[in-house]
$ cat protein.cif   # mmCIF, C-alpha atoms
data_data
loop_
_atom_site.label_atom_id
_atom_site.label_comp_id
_atom_site.auth_asym_id
_atom_site.auth_seq_id
_atom_site.Cartn_x
_atom_site.Cartn_y
_atom_site.Cartn_z
CA MET A 1 17.24 43.83 -2.22
CA THR A 2 13.78 44.85 -3.48
CA SER A 3 10.86 42.49 -3.80
CA ALA A 4 11.05 42.73 -7.60
CA GLN A 5 14.69 41.66 -7.57
CA SER A 6 13.86 38.80 -5.24
CA VAL A 7 11.18 37.57 -7.64
CA LEU A 8 13.60 37.80 -10.57
CA ASN A 9 16.22 35.81 -8.65
CA ARG A 10 13.72 33.10 -7.76
CA ARG A 11 12.43 32.74 -11.30
CA PRO A 12 15.53 30.94 -12.72
CA ARG A 13 15.47 28.50 -9.82
CA THR A 14 11.77 27.82 -10.43
CA TRP A 15 12.37 27.17 -14.13
CA ALA A 16 15.29 24.88 -13.27
CA LYS A 17 13.17 22.83 -10.88
CA THR A 18 10.39 22.63 -13.45
CA ALA A 19 12.82 21.47 -16.13
CA ILE A 20 14.28 18.81 -13.83
CA GLY A 21 10.77 17.61 -12.97
CA LEU A 22 9.82 17.37 -16.64
CA VAL A 23 12.98 15.43 -17.48
CA LEU A 24 12.44 12.96 -14.64
CA THR A 25 8.79 12.54 -15.59
CA ALA A 26 9.74 11.88 -19.22
CA ILE A 27 12.26 9.26 -18.14
CA MET A 28 9.70 7.48 -15.95
CA LEU A 29 6.99 7.58 -18.62
CA PHE A 30 9.24 6.57 -21.52
CA PRO A 31 8.55 2.81 -21.05
CA VAL A 32 4.84 3.55 -21.31
CA TYR A 33 5.39 5.53 -24.49
CA TRP A 34 7.57 2.77 -25.94
CA MET A 35 4.88 0.22 -25.13
CA LEU A 36 2.40 2.32 -27.15
CA ASN A 37 4.92 2.79 -29.96
CA VAL A 38 5.64 -0.94 -30.29
CA SER A 39 1.93 -1.81 -30.14
CA PHE A 40 1.45 0.09 -33.43
CA THR A 41 4.66 -1.13 -35.11
CA ARG A 42 4.62 -3.81 -37.81
CA ASP A 43 6.44 -7.09 -37.17
CA GLN A 44 8.89 -6.49 -40.03
CA ASP A 45 9.85 -3.11 -38.56
CA MET A 46 10.68 -4.43 -35.08
CA ARG A 47 14.35 -5.14 -35.75
CA LYS A 48 15.22 -1.84 -37.42
CA SER A 49 18.40 -0.22 -36.14
CA PRO A 50 18.00 2.42 -34.92
CA PRO A 51 14.34 1.80 -34.08
CA ASP A 52 11.67 4.26 -35.10
CA LEU A 53 10.66 6.69 -32.36
CA PHE A 54 7.28 6.86 -34.10
CA PRO A 55 5.68 4.05 -36.13
CA ALA A 56 6.54 4.77 -39.77
CA ARG A 57 3.68 2.55 -40.97
CA PRO A 58 1.31 2.08 -38.01
CA THR A 59 -0.77 -1.05 -37.85
CA LEU A 60 -3.67 -2.31 -35.73
CA GLU A 61 -2.74 -5.98 -36.07
CA GLY A 62 -1.76 -6.20 -32.40
CA TYR A 63 -5.09 -4.81 -31.24
CA ARG A 64 -6.97 -7.19 -33.54
CA ALA A 65 -5.10 -10.03 -31.81
CA VAL A 66 -6.21 -8.64 -28.44
CA VAL A 67 -9.85 -8.67 -29.50
CA ASP A 68 -9.54 -12.19 -30.91
CA GLN A 69 -7.59 -13.79 -28.08
CA GLN A 70 -7.51 -11.73 -24.88
CA LEU A 71 -11.10 -10.60 -24.25
CA PRO A 72 -11.98 -13.64 -22.05
CA TYR A 73 -9.01 -12.87 -19.80
CA LEU A 74 -10.06 -9.21 -19.57
CA GLY A 75 -13.61 -10.19 -18.68
CA THR A 76 -12.40 -12.54 -15.94
CA SER A 77 -10.15 -9.83 -14.49
CA LEU A 78 -13.05 -7.39 -14.46
CA VAL A 79 -15.27 -9.82 -12.56
CA ILE A 80 -12.49 -10.60 -10.08
CA GLY A 81 -11.69 -6.91 -9.59
CA LEU A 82 -15.31 -5.89 -8.95
CA GLY A 83 -15.84 -8.88 -6.65
CA THR A 84 -12.74 -7.96 -4.67
CA VAL A 85 -13.98 -4.38 -4.32
CA VAL A 86 -17.39 -5.47 -3.02
CA LEU A 87 -15.97 -8.00 -0.55
CA THR A 88 -13.27 -5.61 0.68
CA VAL A 89 -15.68 -2.72 1.35
CA ALA A 90 -18.25 -5.05 2.93
CA LEU A 91 -15.68 -6.37 5.41
CA ALA A 92 -13.48 -3.33 5.99
CA ALA A 93 -16.06 -0.55 6.38
CA PRO A 94 -17.84 -2.06 9.43
CA ALA A 95 -14.47 -3.03 10.92
CA GLY A 96 -13.13 0.51 10.49
CA TYR A 97 -16.30 1.97 12.05
CA ALA A 98 -16.02 -0.37 15.04
CA LEU A 99 -12.36 0.47 15.62
CA ALA A 100 -12.90 4.22 15.17
CA LYS A 101 -16.13 4.79 17.10
CA LEU A 102 -17.17 1.72 19.07
CA ARG A 103 -13.68 1.18 20.54
CA PRO A 104 -13.87 -2.59 21.19
CA ARG A 105 -11.48 -4.33 23.55
CA GLY A 106 -8.29 -5.38 21.84
CA GLY A 107 -8.62 -2.72 19.16
CA GLY A 108 -4.96 -1.75 19.48
CA ILE A 109 -3.88 -5.37 19.09
CA LEU A 110 -6.09 -5.71 16.02
CA ASN A 111 -4.48 -2.64 14.45
CA PHE A 112 -1.07 -4.19 15.01
CA VAL A 113 -2.23 -7.47 13.47
CA LEU A 114 -3.50 -5.59 10.41
CA LEU A 115 -0.13 -3.88 10.00
CA ALA A 116 1.69 -7.19 10.43
CA ALA A 117 -0.59 -8.86 7.86
CA GLN A 118 0.56 -6.40 5.21
CA MET A 119 4.17 -7.50 5.74
CA ILE A 120 3.57 -11.18 4.97
CA PRO A 121 5.05 -12.08 1.55
CA GLY A 122 2.39 -12.83 -1.02
CA ILE A 123 3.92 -16.16 -2.04
CA ILE A 124 3.57 -17.47 1.52
CA MET A 125 -0.10 -16.53 1.58
CA ALA A 126 -0.57 -18.07 -1.87
CA MET A 127 0.82 -21.41 -0.73
CA GLY A 128 -1.44 -21.35 2.31
CA PHE A 129 -4.46 -20.66 0.13
CA TYR A 130 -3.41 -23.45 -2.23
CA ALA A 131 -3.43 -26.01 0.59
CA ILE A 132 -6.83 -24.80 1.82
CA TYR A 133 -8.43 -24.56 -1.62
CA LEU A 134 -7.16 -28.01 -2.53
CA GLN A 135 -9.24 -29.42 0.31
CA LEU A 136 -12.28 -27.23 -0.41
CA GLY A 137 -12.26 -27.68 -4.18
CA LEU A 138 -11.85 -23.95 -4.86
CA LEU A 139 -8.77 -24.12 -7.06
CA GLN A 140 -9.21 -22.55 -10.51
CA SER A 141 -12.34 -20.70 -9.35
CA VAL A 142 -13.24 -17.01 -9.52
CA PRO A 143 -14.67 -16.85 -5.95
CA GLY A 144 -11.48 -18.38 -4.59
CA LEU A 145 -9.34 -15.77 -6.30
CA ILE A 146 -11.63 -12.96 -5.10
CA VAL A 147 -11.21 -14.10 -1.50
CA ALA A 148 -7.44 -14.40 -1.91
CA ASP A 149 -7.09 -10.94 -3.47
CA SER A 150 -9.25 -9.46 -0.73
CA THR A 151 -6.72 -10.54 1.89
CA LEU A 152 -4.30 -8.03 0.37
CA ALA A 153 -6.83 -5.20 0.36
CA VAL A 154 -8.76 -5.67 3.61
CA PRO A 155 -5.96 -4.78 6.09
CA PHE A 156 -5.12 -1.59 4.18
CA ALA A 157 -8.83 -0.78 3.81
CA VAL A 158 -9.53 -1.17 7.54
CA LEU A 159 -6.71 1.25 8.37
CA ILE A 160 -8.01 3.80 5.84
CA PHE A 161 -11.58 3.53 7.11
CA THR A 162 -10.45 3.77 10.73
CA ALA A 163 -8.45 6.93 10.07
CA PHE A 164 -11.28 8.57 8.12
CA MET A 165 -14.13 7.61 10.45
CA SER A 166 -12.17 8.80 13.47
CA GLY A 167 -12.61 12.31 12.07
CA ILE A 168 -16.42 12.10 11.92
CA PRO A 169 -17.82 14.38 14.67
CA GLY A 170 -19.08 12.39 17.60
CA GLU A 171 -21.96 14.85 18.04
CA LEU A 172 -23.56 13.53 14.84
CA LEU A 173 -23.49 9.98 16.10
CA GLN A 174 -24.80 11.04 19.51
CA ALA A 175 -27.66 12.92 17.84
CA ALA A 176 -28.54 9.82 15.85
CA THR A 177 -28.53 7.74 19.03
CA MET A 178 -30.82 10.23 20.76
CA ASP A 179 -33.21 9.96 17.80
CA GLY A 180 -33.42 6.22 18.38
CA ALA A 181 -30.98 4.98 15.74
CA GLY A 182 -28.95 1.92 16.63
CA ALA A 183 -25.32 1.32 15.74
CA LEU A 184 -26.19 -0.40 12.46
CA ARG A 185 -28.60 2.30 11.30
CA THR A 186 -26.16 5.04 12.30
CA PHE A 187 -23.44 3.32 10.31
CA ARG A 188 -25.67 2.89 7.25
CA SER A 189 -27.38 6.29 7.27
CA ILE A 190 -24.67 8.63 8.55
CA VAL A 191 -21.21 7.09 8.57
CA LEU A 192 -21.24 5.51 5.10
CA PRO A 193 -22.55 8.60 3.23
CA MET A 194 -19.90 10.73 4.96
CA SER A 195 -17.17 8.22 4.08
CA ARG A 196 -17.52 8.53 0.31
CA ASN A 197 -13.89 9.59 -0.23
CA SER A 198 -12.50 6.69 1.77
CA ILE A 199 -14.85 4.22 0.03
CA VAL A 200 -13.64 5.39 -3.38
CA THR A 201 -10.01 5.20 -2.23
CA VAL A 202 -10.38 1.68 -0.85
CA SER A 203 -12.31 0.53 -3.92
CA LEU A 204 -9.65 1.88 -6.26
CA PHE A 205 -6.74 0.23 -4.47
CA ALA A 206 -8.62 -3.06 -4.08
CA PHE A 207 -9.41 -3.08 -7.80
CA LEU A 208 -5.84 -2.23 -8.80
CA TRP A 209 -4.35 -4.92 -6.56
CA SER A 210 -6.68 -7.60 -7.89
CA TRP A 211 -6.30 -6.40 -11.50
CA SER A 212 -2.49 -6.58 -11.34
CA ASP A 213 -2.23 -9.73 -9.22
CA PHE A 214 0.02 -12.43 -10.61
CA ILE A 215 1.15 -14.47 -7.59
CA PHE A 216 -2.29 -15.62 -6.46
CA ALA A 217 -3.47 -16.10 -10.06
CA SER A 218 -0.48 -18.21 -11.10
CA THR A 219 -0.76 -20.33 -7.94
CA LEU A 220 -4.52 -20.78 -7.63
CA VAL A 221 -5.98 -20.70 -11.17
CA ASN A 222 -3.05 -21.37 -13.52
CA GLY A 223 -4.17 -23.58 -16.40
CA GLY A 224 -7.88 -23.29 -15.68
CA ALA A 225 -10.68 -21.57 -17.56
CA ASN A 226 -10.79 -18.58 -15.20
CA GLU A 227 -7.39 -17.02 -15.78
CA PRO A 228 -7.12 -13.21 -15.44
CA ILE A 229 -5.36 -10.89 -17.85
CA THR A 230 -2.01 -11.11 -16.03
CA LEU A 231 -1.82 -14.79 -16.90
CA GLY A 232 -3.15 -14.05 -20.37
CA ILE A 233 -0.20 -11.74 -21.02
CA TYR A 234 2.21 -14.23 -19.45
CA HIS A 235 1.04 -17.10 -21.65
CA TYR A 236 0.93 -14.86 -24.69
CA ILE A 237 4.57 -13.87 -24.24
CA GLY A 238 5.56 -17.49 -23.89
CA ASN A 239 3.61 -18.66 -26.94
CA ASN A 240 4.20 -15.69 -29.24
CA ASN A 241 7.55 -14.22 -28.25
CA GLN A 242 8.07 -12.82 -31.75
CA GLU A 243 4.75 -10.93 -31.99
CA TRP A 244 5.75 -7.95 -29.90
CA ASN A 245 3.13 -5.61 -31.30
CA ALA A 246 0.37 -7.96 -30.08
CA ILE A 247 2.08 -8.39 -26.71
CA MET A 248 2.39 -4.64 -26.21
CA ALA A 249 -1.17 -4.06 -27.46
CA THR A 250 -2.38 -6.51 -24.83
CA ALA A 251 -0.42 -4.62 -22.16
CA VAL A 252 -1.91 -1.31 -23.33
CA VAL A 253 -5.47 -2.63 -23.24
CA ALA A 254 -4.87 -4.21 -19.82
CA SER A 255 -3.60 -0.88 -18.49
CA LEU A 256 -6.52 1.20 -19.73
CA PRO A 257 -9.19 0.30 -17.11
CA ALA A 258 -6.87 1.03 -14.20
CA ALA A 259 -5.65 4.27 -15.77
CA VAL A 260 -9.17 5.52 -16.52
CA ILE A 261 -10.42 4.69 -13.02
CA LEU A 262 -7.41 6.39 -11.44
CA VAL A 263 -7.95 9.58 -13.46
CA LEU A 264 -11.66 9.72 -12.65
CA ALA A 265 -11.19 9.02 -8.94
CA GLN A 266 -8.01 10.97 -8.21
CA ARG A 267 -9.66 13.79 -6.25
CA TYR A 268 -11.49 11.32 -4.03
CA VAL A 269 -8.29 9.33 -3.54
CA ALA A 270 -6.34 12.42 -2.46
CA ALA A 271 -8.98 13.20 0.15
CA GLY A 272 -9.31 9.59 1.28
CA VAL A 273 -5.59 8.91 1.70
CA THR A 274 -5.00 12.06 3.75
CA ALA A 275 -8.08 11.48 5.91
CA GLY A 276 -7.29 11.51 9.59
CA ALA A 277 -3.90 13.16 9.07
CA VAL A 278 -5.13 16.47 10.51
CA LYS A 279 -7.30 16.67 13.58
CA ASP A 280 -9.14 19.66 14.94
#

$ encode --input "protein.cif" --output "structure tokens"
Amino acid sequence: MTSAQSVLNRRPRTWAKTAIGLVLTAIMLFPVYWMLNVSFTRDQDMRKSPPDLFPARPTLEGYRAVVDQQLPYLGTSLVIGLGTVVLTVALAAPAGYALAKLRPRGGGILNFVLLAAQMIPGIIMAMGFYAIYLQLGLLQSVPGLIVADSTLAVPFAVLIFTAFMSGIPGELLQAATMDGAGALRTFRSIVLPMSRNSIVTVSLFAFLWSWSDFIFASTLVNGGANEPITLGIYHYIGNNNQEWNAIMATAVVASLPAAVILVLAQRYVAAGVTAGAVKD
């Protein structure tokens, strides 16, 4: 069989795989499309049978409701998300550097503890935080929710930083030491600039976890003035279960920050997640 015939035989299989991939992708993304469709549909058109695949008379009423009622929740979620990112990176980056390069005693045990921490159900951690915050007066507070959300991100972040920083050439750190730089200056001037991909990866996941958190929010701040957007959507569904265009518009707006950040940071995330997988 010639090479040309081999290429012709492979081409149908390639098209078949592509078609299957497109179909599966369309199935997975259909709920997102339907959320967009409903967000532009008028209330009186909701119960049409069969429903419109495209809004026959699109409306922005749902998005007006978002602007009028949901902006405080979005602002609170943004503050919590950014605070979680800052706290997570501040704690996890030095810990990852210590585990990767300073090799402290008990480092292996600490890695095991970090893995075990990720397996603890969130509701158990939420109840523990509730008991502690009740004594400290931190219930229904933004700092309390930032600390709680960080407990989900920090173990994962330490593992990512450890894997990435293990790949930093030791010669660079030795050269810095010979030039008189201490461990802290070496970390700040050499390790952190070289760890940009892992910092972006950790920041993205920390933000997404805090942005989509419902368990900690419903346990620690439910009913207060500092509720995030997840609780805003939850209350909105309960109070306005007939206004589906507004509910879906709220979901669309709540999804936009995470989607935009993911698109902008995807190349850094790909490099950060695979860091440490291949060693020279």

$ residues_around --input "protein.cif" --residues "range 87-94 of chain A" --least-positions-apart "4" --cutoff "10 Å" --atoms "all atoms listed in the file" --output "PyMOL selection string"
chain A and resi 82-83+98-100+146-147+149-162+165+184+187-188+191-192+195+198-200+202-203+206-207

$ closest_residue --input "protein.cif" --among "A:Leu139, A:Ala259, A:Leu172, A:Leu60" --to "Asp43 in chain A" --atoms "only C-alpha atoms"
A:Leu60

$ resolve_selection --input "protein.cif" --expression "the PyMOL selection byres ((chain A and resi 141) around 9)" --output "PyMOL selection string"
chain A and resi 137-140+142-146+220-221+224-227

$ closest_residue --input "protein.cif" --among "A:Leu102, A:Val86, A:Ile237, A:Met125" --to "Leu173 in chain A" --atoms "all atoms listed in the file"
A:Leu102

$ resolve_selection --input "protein.cif" --expression "the PyMOL selection byres ((chain A and resi 247) around 10)" --output "PDB file with C-alpha atoms, in the coordinates of the input"
ATOM      1  CA  MET A  35       4.880   0.220 -25.130  1.00  0.00           C
ATOM      2  CA  VAL A  38       5.640  -0.940 -30.290  1.00  0.00           C
ATOM      3  CA  SER A  39       1.930  -1.810 -30.140  1.00  0.00           C
ATOM      4  CA  GLY A  62      -1.760  -6.200 -32.400  1.00  0.00           C
ATOM      5  CA  TYR A  63      -5.090  -4.810 -31.240  1.00  0.00           C
ATOM      6  CA  ALA A  65      -5.100 -10.030 -31.810  1.00  0.00           C
ATOM      7  CA  VAL A  66      -6.210  -8.640 -28.440  1.00  0.00           C
ATOM      8  CA  GLY A 232      -3.150 -14.050 -20.370  1.00  0.00           C
ATOM      9  CA  ILE A 233      -0.200 -11.740 -21.020  1.00  0.00           C
ATOM     10  CA  TYR A 234       2.210 -14.230 -19.450  1.00  0.00           C
ATOM     11  CA  TYR A 236       0.930 -14.860 -24.690  1.00  0.00           C
ATOM     12  CA  ILE A 237       4.570 -13.870 -24.240  1.00  0.00           C
ATOM     13  CA  ASN A 240       4.200 -15.690 -29.240  1.00  0.00           C
ATOM     14  CA  ASN A 241       7.550 -14.220 -28.250  1.00  0.00           C
ATOM     15  CA  GLN A 242       8.070 -12.820 -31.750  1.00  0.00           C
ATOM     16  CA  GLU A 243       4.750 -10.930 -31.990  1.00  0.00           C
ATOM     17  CA  TRP A 244       5.750  -7.950 -29.900  1.00  0.00           C
ATOM     18  CA  ASN A 245       3.130  -5.610 -31.300  1.00  0.00           C
ATOM     19  CA  ALA A 246       0.370  -7.960 -30.080  1.00  0.00           C
ATOM     20  CA  MET A 248       2.390  -4.640 -26.210  1.00  0.00           C
ATOM     21  CA  ALA A 249      -1.170  -4.060 -27.460  1.00  0.00           C
ATOM     22  CA  THR A 250      -2.380  -6.510 -24.830  1.00  0.00           C
ATOM     23  CA  ALA A 251      -0.420  -4.620 -22.160  1.00  0.00           C
ATOM     24  CA  VAL A 252      -1.910  -1.310 -23.330  1.00  0.00           C
TER      25      VAL A 252
END

$ atom_distance --input "protein.cif" --atom1 "CA of Gly96 in chain A" --atom2 "CA of Ala163 in chain A"
8.0 Å

$ resolve_selection --input "protein.cif" --expression "the PyMOL selection byres ((chain A and resi 208) around 10)" --output "JSON, numbers by chain"
{"A": [81, 84, 85, 153, 202, 203, 204, 205, 206, 207, 209, 210, 211, 212, 213, 257, 258, 259, 261, 262]}

$ write_last_selection --input "protein.cif" --atoms "C-alpha atoms" --output "PDB file, in the frame of the given file"
ATOM      1  CA  GLY A  81     -11.690  -6.910  -9.590  1.00  0.00           C
ATOM      2  CA  THR A  84     -12.740  -7.960  -4.670  1.00  0.00           C
ATOM      3  CA  VAL A  85     -13.980  -4.380  -4.320  1.00  0.00           C
ATOM      4  CA  ALA A 153      -6.830  -5.200   0.360  1.00  0.00           C
ATOM      5  CA  VAL A 202     -10.380   1.680  -0.850  1.00  0.00           C
ATOM      6  CA  SER A 203     -12.310   0.530  -3.920  1.00  0.00           C
ATOM      7  CA  LEU A 204      -9.650   1.880  -6.260  1.00  0.00           C
ATOM      8  CA  PHE A 205      -6.740   0.230  -4.470  1.00  0.00           C
ATOM      9  CA  ALA A 206      -8.620  -3.060  -4.080  1.00  0.00           C
ATOM     10  CA  PHE A 207      -9.410  -3.080  -7.800  1.00  0.00           C
ATOM     11  CA  TRP A 209      -4.350  -4.920  -6.560  1.00  0.00           C
ATOM     12  CA  SER A 210      -6.680  -7.600  -7.890  1.00  0.00           C
ATOM     13  CA  TRP A 211      -6.300  -6.400 -11.500  1.00  0.00           C
ATOM     14  CA  SER A 212      -2.490  -6.580 -11.340  1.00  0.00           C
ATOM     15  CA  ASP A 213      -2.230  -9.730  -9.220  1.00  0.00           C
ATOM     16  CA  PRO A 257      -9.190   0.300 -17.110  1.00  0.00           C
ATOM     17  CA  ALA A 258      -6.870   1.030 -14.200  1.00  0.00           C
ATOM     18  CA  ALA A 259      -5.650   4.270 -15.770  1.00  0.00           C
ATOM     19  CA  ILE A 261     -10.420   4.690 -13.020  1.00  0.00           C
ATOM     20  CA  LEU A 262      -7.410   6.390 -11.440  1.00  0.00           C
TER      21      LEU A 262
END

$ atom_distance --input "protein.cif" --atom1 "CA of Leu114 in chain A" --atom2 "CA of Phe164 in chain A"
16.3 Å

$ closest_residue --input "protein.cif" --among "A:Lys48, A:Ala117, A:Leu231, A:Gly122" --to "Pro72 in chain A" --atoms "only C-alpha atoms"
A:Leu231

$ atom_distance --input "protein.cif" --atom1 "CA of Asn222 in chain A" --atom2 "CA of Ser255 in chain A"
21.1 Å

$ axis_aligned_box --input "protein.cif" --around "range 175-180 of chain A" --padding-each-side "3 Å" --output "JSON"
{"center_x": -30.5, "center_y": 9.6, "center_z": 18.3, "size_x": 11.8, "size_y": 12.7, "size_z": 10.9}

$ build_atoms --input "protein.cif" --residues "range 68-93 of chain A" --atoms "N, CA and C atoms" --output "mmCIF file, in the frame of the given file"
data_model
loop_
_atom_site.group_PDB
_atom_site.id
_atom_site.type_symbol
_atom_site.label_atom_id
_atom_site.label_comp_id
_atom_site.auth_asym_id
_atom_site.auth_seq_id
_atom_site.Cartn_x
_atom_site.Cartn_y
_atom_site.Cartn_z
ATOM 1 N N ASP A 68 -9.315 -10.788 -30.563
ATOM 2 C CA ASP A 68 -9.540 -12.190 -30.910
ATOM 3 C C ASP A 68 -9.177 -13.153 -29.789
ATOM 4 N N GLN A 69 -8.153 -12.801 -28.990
ATOM 5 C CA GLN A 69 -7.590 -13.790 -28.080
ATOM 6 C C GLN A 69 -7.626 -13.411 -26.606
ATOM 7 N N GLN A 70 -7.680 -12.136 -26.268
ATOM 8 C CA GLN A 70 -7.510 -11.730 -24.880
ATOM 9 C C GLN A 70 -8.786 -11.267 -24.178
ATOM 10 N N LEU A 71 -9.879 -11.106 -24.886
ATOM 11 C CA LEU A 71 -11.100 -10.600 -24.250
ATOM 12 C C LEU A 71 -11.606 -11.493 -23.106
ATOM 13 N N PRO A 72 -11.549 -12.830 -23.205
ATOM 14 C CA PRO A 72 -11.980 -13.640 -22.050
ATOM 15 C C PRO A 72 -11.159 -13.371 -20.794
ATOM 16 N N TYR A 73 -9.847 -13.178 -20.950
ATOM 17 C CA TYR A 73 -9.010 -12.870 -19.800
ATOM 18 C C TYR A 73 -9.393 -11.512 -19.194
ATOM 19 N N LEU A 74 -9.661 -10.524 -20.052
ATOM 20 C CA LEU A 74 -10.060 -9.210 -19.570
ATOM 21 C C LEU A 74 -11.397 -9.279 -18.824
ATOM 22 N N GLY A 75 -12.334 -10.043 -19.352
ATOM 23 C CA GLY A 75 -13.610 -10.190 -18.680
ATOM 24 C C GLY A 75 -13.475 -10.848 -17.318
ATOM 25 N N THR A 76 -12.625 -11.870 -17.228
ATOM 26 C CA THR A 76 -12.400 -12.540 -15.940
ATOM 27 C C THR A 76 -11.768 -11.585 -14.944
ATOM 28 N N SER A 77 -10.784 -10.799 -15.381
ATOM 29 C CA SER A 77 -10.150 -9.830 -14.490
ATOM 30 C C SER A 77 -11.140 -8.790 -13.993
ATOM 31 N N LEU A 78 -12.048 -8.370 -14.866
ATOM 32 C CA LEU A 78 -13.050 -7.390 -14.460
ATOM 33 C C LEU A 78 -13.972 -7.951 -13.390
ATOM 34 N N VAL A 79 -14.409 -9.184 -13.561
ATOM 35 C CA VAL A 79 -15.270 -9.820 -12.560
ATOM 36 C C VAL A 79 -14.532 -9.975 -11.235
ATOM 37 N N ILE A 80 -13.281 -10.420 -11.294
ATOM 38 C CA ILE A 80 -12.490 -10.600 -10.080
ATOM 39 C C ILE A 80 -12.256 -9.257 -9.392
ATOM 40 N N GLY A 81 -11.941 -8.228 -10.173
ATOM 41 C CA GLY A 81 -11.690 -6.910 -9.590
ATOM 42 C C GLY A 81 -12.916 -6.349 -8.900
ATOM 43 N N LEU A 82 -14.083 -6.413 -9.556
ATOM 44 C CA LEU A 82 -15.310 -5.890 -8.950
ATOM 45 C C LEU A 82 -15.707 -6.720 -7.723
ATOM 46 N N GLY A 83 -15.534 -8.042 -7.809
ATOM 47 C CA GLY A 83 -15.840 -8.880 -6.650
ATOM 48 C C GLY A 83 -14.945 -8.570 -5.472
ATOM 49 N N THR A 84 -13.675 -8.316 -5.744
ATOM 50 C CA THR A 84 -12.740 -7.960 -4.670
ATOM 51 C C THR A 84 -13.125 -6.635 -4.034
ATOM 52 N N VAL A 85 -13.551 -5.678 -4.847
ATOM 53 C CA VAL A 85 -13.980 -4.380 -4.320
ATOM 54 C C VAL A 85 -15.180 -4.551 -3.385
ATOM 55 N N VAL A 86 -16.184 -5.289 -3.827
ATOM 56 C CA VAL A 86 -17.390 -5.470 -3.020
ATOM 57 C C VAL A 86 -17.070 -6.169 -1.706
ATOM 58 N N LEU A 87 -16.300 -7.253 -1.763
ATOM 59 C CA LEU A 87 -15.970 -8.000 -0.550
ATOM 60 C C LEU A 87 -15.103 -7.164 0.391
ATOM 61 N N THR A 88 -14.154 -6.420 -0.154
ATOM 62 C CA THR A 88 -13.270 -5.610 0.680
ATOM 63 C C THR A 88 -14.042 -4.524 1.419
ATOM 64 N N VAL A 89 -14.901 -3.794 0.705
ATOM 65 C CA VAL A 89 -15.680 -2.720 1.350
ATOM 66 C C VAL A 89 -16.660 -3.309 2.361
ATOM 67 N N ALA A 90 -17.273 -4.436 2.020
ATOM 68 C CA ALA A 90 -18.250 -5.050 2.930
ATOM 69 C C ALA A 90 -17.601 -5.487 4.239
ATOM 70 N N LEU A 91 -16.359 -5.928 4.188
ATOM 71 C CA LEU A 91 -15.680 -6.370 5.410
ATOM 72 C C LEU A 91 -14.979 -5.223 6.138
ATOM 73 N N ALA A 92 -14.344 -4.337 5.377
ATOM 74 C CA ALA A 92 -13.480 -3.330 5.990
ATOM 75 C C ALA A 92 -14.235 -2.137 6.546
ATOM 76 N N ALA A 93 -15.332 -1.731 5.903
ATOM 77 C CA ALA A 93 -16.060 -0.550 6.380
ATOM 78 C C ALA A 93 -16.645 -0.752 7.779
#
